[in-house]
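First comes the structure, then the notes that go with it.
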Amino acid sequence: MRHTNSLYLREDIQFEPLVNSWYSWPLLIAPATAAMVINNHHLRIMESFVRAPELNREAARNPAMRGGPFMDFAGDVACIRDLITTTRNGCADLLTLAAAIKELDQCLAAEAKGASLAALYPRVPPPLRGFVELGYDLGGSASFRLIEALLYRSRFYQPSLQTLLLSMVQDDKRPFALSTPRLPSETEVQLRLPFHSKDIDTLASMRVRSVDASFVNLLAEEYVDGGGAGRDLFRSFFTESP
């Protein structure tokens, strides 16, 4: 390859947005729904897989079971055990939020009988105080509204959980996205950039517009997991050719 200072992103490189190593979808972005999905869905699926990995794999291979809560993961079970530990530690605030939402829901169901809800504000679990408004729905049942804009400004919004998984497109086959985490293989690169990063915009634009090679080197050194091998693989995703 001749020396150049400008590079393009190869046309066969795909981006997969992840949150805590799971394929990103809207419910994993908003703090409250992310808390509930991680607590009630991700952890349960991973714990089920660790208890019975072969049963999960067999169910995932059955077309009639596709989309069910069965992990289609061929790797070492220890990787999932590690992800459970990472989730419990790294998502501790979100798990606390999920428990508080459940507690408040149970409190309103038991205590709200149609009178003013003002007296119940002191009963709001501490993690939710300042983030909820109590009220009644059209059916007369007590409920609460989460003030999402405030949650995004709190410790419960964690952009550090957001990453991009980059890989070369070989085919379009993959496990069902909502039941199996995406752990990087030796042919994939995990880029630790939050989704709001302008660097993602620049990286995506490099399919059609060249950018100085120093930008690629900066991303490789600052945000790529996997040590030297990961950085070298990441650099191989770029070309001099438009």
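Following the order of the structure tokens, first chain is A, next is B, and so on, with residues numbered from 1 inside each chain and ligands from 1 in the order they appear.
Within stretch 109-229 of chain A, DSSP run on the backbone puts these residues in alpha helix (DSSP H): A:Ala109, A:Ala110, A:Glu111, A:Glu148, A:Ala149, A:Leu150, A:Leu151, A:Lys198, A:Asp199, A:Ile200, A:Asp201, A:Thr202, A:Leu203, A:Ala204, A:Ser205, A:Ala213, A:Ser214, A:Phe215, A:Val216, A:Asn217, A:Leu218, A:Leu219, A:Ala220, A:Glu221, A:Glu222, A:Tyr223, A:Gly227, A:Gly228, A:Ala229.
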Per DSSP on the backbone, filter chain A down to the residues in strand (DSSP E or B) and report them as a PyMOL selection string.
chain A and resi 6-9+13-19+22-23+132-136+142-146+162-168+188-191+211-212+224+238-239
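Going from atom CA of A:Ser116 to atom CA of A:Gly135 covers 8.7 Å.
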Shell of 9 Å around A:Ser214, only C-alpha atoms, local chain residues under 4 positions omitted, as a PyMOL selection string
chain A and resi 5-6+218-219
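When only C-alpha atoms are used to compute distances to A:Glu58, the closest of the residues A:Asp232, A:Asp201, A:Glu133, A:Asp72 turns out to be A:Asp72.
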Quick one: residues within 12 Å of A:Met168, only C-alpha atoms, excluding same-chain residues fewer than 4 positions away - as a VMD selection string?
chain A and resid 9 to 16 172 185 to 189 233 to 234 236 to 238
Using N, CA, C and O atoms, can you export the residues from the last selection as a PDB file, in the first residue's frame?
ATOM      1  N   LEU A   9     -13.572   4.371   4.838  1.00  0.00           N
ATOM      2  CA  LEU A   9     -14.068   3.160   5.479  1.00  0.00           C
ATOM      3  C   LEU A   9     -14.475   2.175   4.391  1.00  0.00           C
ATOM      4  O   LEU A   9     -15.176   2.537   3.452  1.00  0.00           O
ATOM      5  N   ARG A  10     -14.030   0.937   4.536  1.00  0.00           N
ATOM      6  CA  ARG A  10     -14.378  -0.063   3.528  1.00  0.00           C
ATOM      7  C   ARG A  10     -15.892  -0.257   3.450  1.00  0.00           C
ATOM      8  O   ARG A  10     -16.593  -0.170   4.464  1.00  0.00           O
ATOM      9  N   GLU A  11     -16.380  -0.566   2.273  1.00  0.00           N
ATOM     10  CA  GLU A  11     -17.828  -0.658   2.062  1.00  0.00           C
ATOM     11  C   GLU A  11     -18.441  -1.904   2.682  1.00  0.00           C
ATOM     12  O   GLU A  11     -19.662  -1.982   2.838  1.00  0.00           O
ATOM     13  N   ASP A  12     -17.622  -2.897   3.055  1.00  0.00           N
ATOM     14  CA  ASP A  12     -18.163  -4.137   3.622  1.00  0.00           C
ATOM     15  C   ASP A  12     -18.077  -4.181   5.151  1.00  0.00           C
ATOM     16  O   ASP A  12     -18.182  -5.247   5.752  1.00  0.00           O
ATOM     17  N   ILE A  13     -17.910  -3.022   5.788  1.00  0.00           N
ATOM     18  CA  ILE A  13     -17.843  -2.965   7.248  1.00  0.00           C
ATOM     19  C   ILE A  13     -19.210  -2.557   7.792  1.00  0.00           C
ATOM     20  O   ILE A  13     -19.795  -1.568   7.362  1.00  0.00           O
ATOM     21  N   GLN A  14     -19.707  -3.328   8.738  1.00  0.00           N
ATOM     22  CA  GLN A  14     -21.014  -3.042   9.333  1.00  0.00           C
ATOM     23  C   GLN A  14     -20.852  -2.527  10.762  1.00  0.00           C
ATOM     24  O   GLN A  14     -19.880  -2.859  11.441  1.00  0.00           O
ATOM     25  N   PHE A  15     -21.809  -1.711  11.185  1.00  0.00           N
ATOM     26  CA  PHE A  15     -21.867  -1.171  12.544  1.00  0.00           C
ATOM     27  C   PHE A  15     -23.014  -1.863  13.283  1.00  0.00           C
ATOM     28  O   PHE A  15     -24.122  -1.935  12.761  1.00  0.00           O
ATOM     29  N   GLU A  16     -22.764  -2.318  14.479  1.00  0.00           N
ATOM     30  CA  GLU A  16     -23.825  -2.819  15.342  1.00  0.00           C
ATOM     31  C   GLU A  16     -23.778  -2.037  16.657  1.00  0.00           C
ATOM     32  O   GLU A  16     -22.822  -2.170  17.426  1.00  0.00           O
ATOM     33  N   ASP A 172     -25.564 -12.573   6.225  1.00  0.00           N
ATOM     34  CA  ASP A 172     -26.542 -11.856   7.056  1.00  0.00           C
ATOM     35  C   ASP A 172     -27.135 -12.736   8.147  1.00  0.00           C
ATOM     36  O   ASP A 172     -28.162 -12.405   8.729  1.00  0.00           O
ATOM     37  N   SER A 185     -15.788 -11.303  18.665  1.00  0.00           N
ATOM     38  CA  SER A 185     -14.905 -12.419  18.329  1.00  0.00           C
ATOM     39  C   SER A 185     -13.570 -11.848  17.858  1.00  0.00           C
ATOM     40  O   SER A 185     -13.345 -10.628  17.873  1.00  0.00           O
ATOM     41  N   GLU A 186     -12.697 -12.727  17.390  1.00  0.00           N
ATOM     42  CA  GLU A 186     -11.387 -12.286  16.930  1.00  0.00           C
ATOM     43  C   GLU A 186     -11.466 -11.505  15.624  1.00  0.00           C
ATOM     44  O   GLU A 186     -10.488 -10.876  15.222  1.00  0.00           O
ATOM     45  N   THR A 187     -12.620 -11.555  14.959  1.00  0.00           N
ATOM     46  CA  THR A 187     -12.775 -10.842  13.681  1.00  0.00           C
ATOM     47  C   THR A 187     -13.636  -9.593  13.818  1.00  0.00           C
ATOM     48  O   THR A 187     -14.025  -9.002  12.812  1.00  0.00           O
ATOM     49  N   GLU A 188     -13.927  -9.206  15.044  1.00  0.00           N
ATOM     50  CA  GLU A 188     -14.780  -8.048  15.297  1.00  0.00           C
ATOM     51  C   GLU A 188     -14.082  -7.072  16.245  1.00  0.00           C
ATOM     52  O   GLU A 188     -13.269  -7.488  17.081  1.00  0.00           O
ATOM     53  N   VAL A 189     -14.432  -5.823  16.127  1.00  0.00           N
ATOM     54  CA  VAL A 189     -13.806  -4.769  16.930  1.00  0.00           C
ATOM     55  C   VAL A 189     -14.881  -4.042  17.725  1.00  0.00           C
ATOM     56  O   VAL A 189     -15.898  -3.635  17.174  1.00  0.00           O
ATOM     57  N   LEU A 233      -6.643  -4.832  13.723  1.00  0.00           N
ATOM     58  CA  LEU A 233      -7.839  -5.243  12.992  1.00  0.00           C
ATOM     59  C   LEU A 233      -8.674  -4.021  12.618  1.00  0.00           C
ATOM     60  O   LEU A 233      -9.178  -3.927  11.489  1.00  0.00           O
ATOM     61  N   PHE A 234      -8.822  -3.105  13.550  1.00  0.00           N
ATOM     62  CA  PHE A 234      -9.587  -1.888  13.271  1.00  0.00           C
ATOM     63  C   PHE A 234      -8.982  -1.126  12.101  1.00  0.00           C
ATOM     64  O   PHE A 234      -9.699  -0.685  11.187  1.00  0.00           O
ATOM     65  N   SER A 236      -7.391  -2.275   9.662  1.00  0.00           N
ATOM     66  CA  SER A 236      -7.600  -3.014   8.407  1.00  0.00           C
ATOM     67  C   SER A 236      -8.968  -2.759   7.798  1.00  0.00           C
ATOM     68  O   SER A 236      -9.222  -3.146   6.649  1.00  0.00           O
ATOM     69  N   PHE A 237      -9.867  -2.104   8.540  1.00  0.00           N
ATOM     70  CA  PHE A 237     -11.204  -1.797   8.043  1.00  0.00           C
ATOM     71  C   PHE A 237     -11.239  -0.564   7.141  1.00  0.00           C
ATOM     72  O   PHE A 237     -12.305  -0.155   6.685  1.00  0.00           O
ATOM     73  N   PHE A 238     -10.070   0.011   6.897  1.00  0.00           N
ATOM     74  CA  PHE A 238      -9.984   1.238   6.090  1.00  0.00           C
ATOM     75  C   PHE A 238      -9.138   1.008   4.850  1.00  0.00           C
ATOM     76  O   PHE A 238      -8.311   0.093   4.809  1.00  0.00           O
TER      77      PHE A 238
END
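Distance check against A:Pro175 using only C-alpha atoms: of A:Arg66, A:Arg44, A:Arg51, A:Arg153, the minimum falls on A:Arg66.
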So that I can check the surroundings of stretch 73-79 of chain A, please list as a ChimeraX atom specification every protein, DNA and RNA residue that reaches within 7 Å of it, counting only C-alpha atoms and ignoring chain neighbours fewer than 6 positions away.
/A:50,57,180
Please report the interatomic distance between atom CA of A:Leu7 and atom CA of A:Glu240 in Å with one decimal.
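Computing it gives 4.9 Å between the two atoms.
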Counting only C-alpha atoms, the option among A:Ile45, A:Pro126, A:Gln106, A:Leu55 closest to A:Arg81
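Ranked by minimum distance to A:Arg81, first place goes to A:Ile45.
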Kindly indicate which residue among A:Leu27, A:Leu43, A:Val216, A:Leu166 lies nearest to A:Arg88, using only C-alpha atoms for the distances.
A:Leu43
Test item: residues at most 8 Å from A:Asp225, only C-alpha atoms, excluding those fewer than 3 positions along its chain, as an MDAnalysis selection string:
chainID A and resid 189:192 230:231
Can you work out the spacing between atom CA of A:Trp25 and atom CA of A:Pro181 in Å, to one decimal?
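Spanning atom CA of A:Trp25 to atom CA of A:Pro181 is a straight-line distance of 12.7 Å.
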Quick one: residues within 12 Å of A:Leu150, only C-alpha atoms, excluding same-chain residues fewer than 2 positions away - as a PyMOL selection string?
chain A and resi 30-32+128-133+145-148+152-157
Go through A:Leu134, A:Phe215, A:Ser241, A:Ile101 one by one, measure the shortest atom-to-atom distance of each to A:Asp199 using only C-alpha atoms, and give the residue with the smallest value.
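Checking each candidate against A:Asp199, we get A:Phe215 as the closest.
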Give the answer as one residue: which of A:Ser48, A:Asn62, A:Ser141, A:Gln158 has the shortest atom-to-atom distance to A:Leu94, using only C-alpha atoms?
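Ranking A:Ser48, A:Asn62, A:Ser141, A:Gln158 by distance to A:Leu94, first place goes to A:Gln158.
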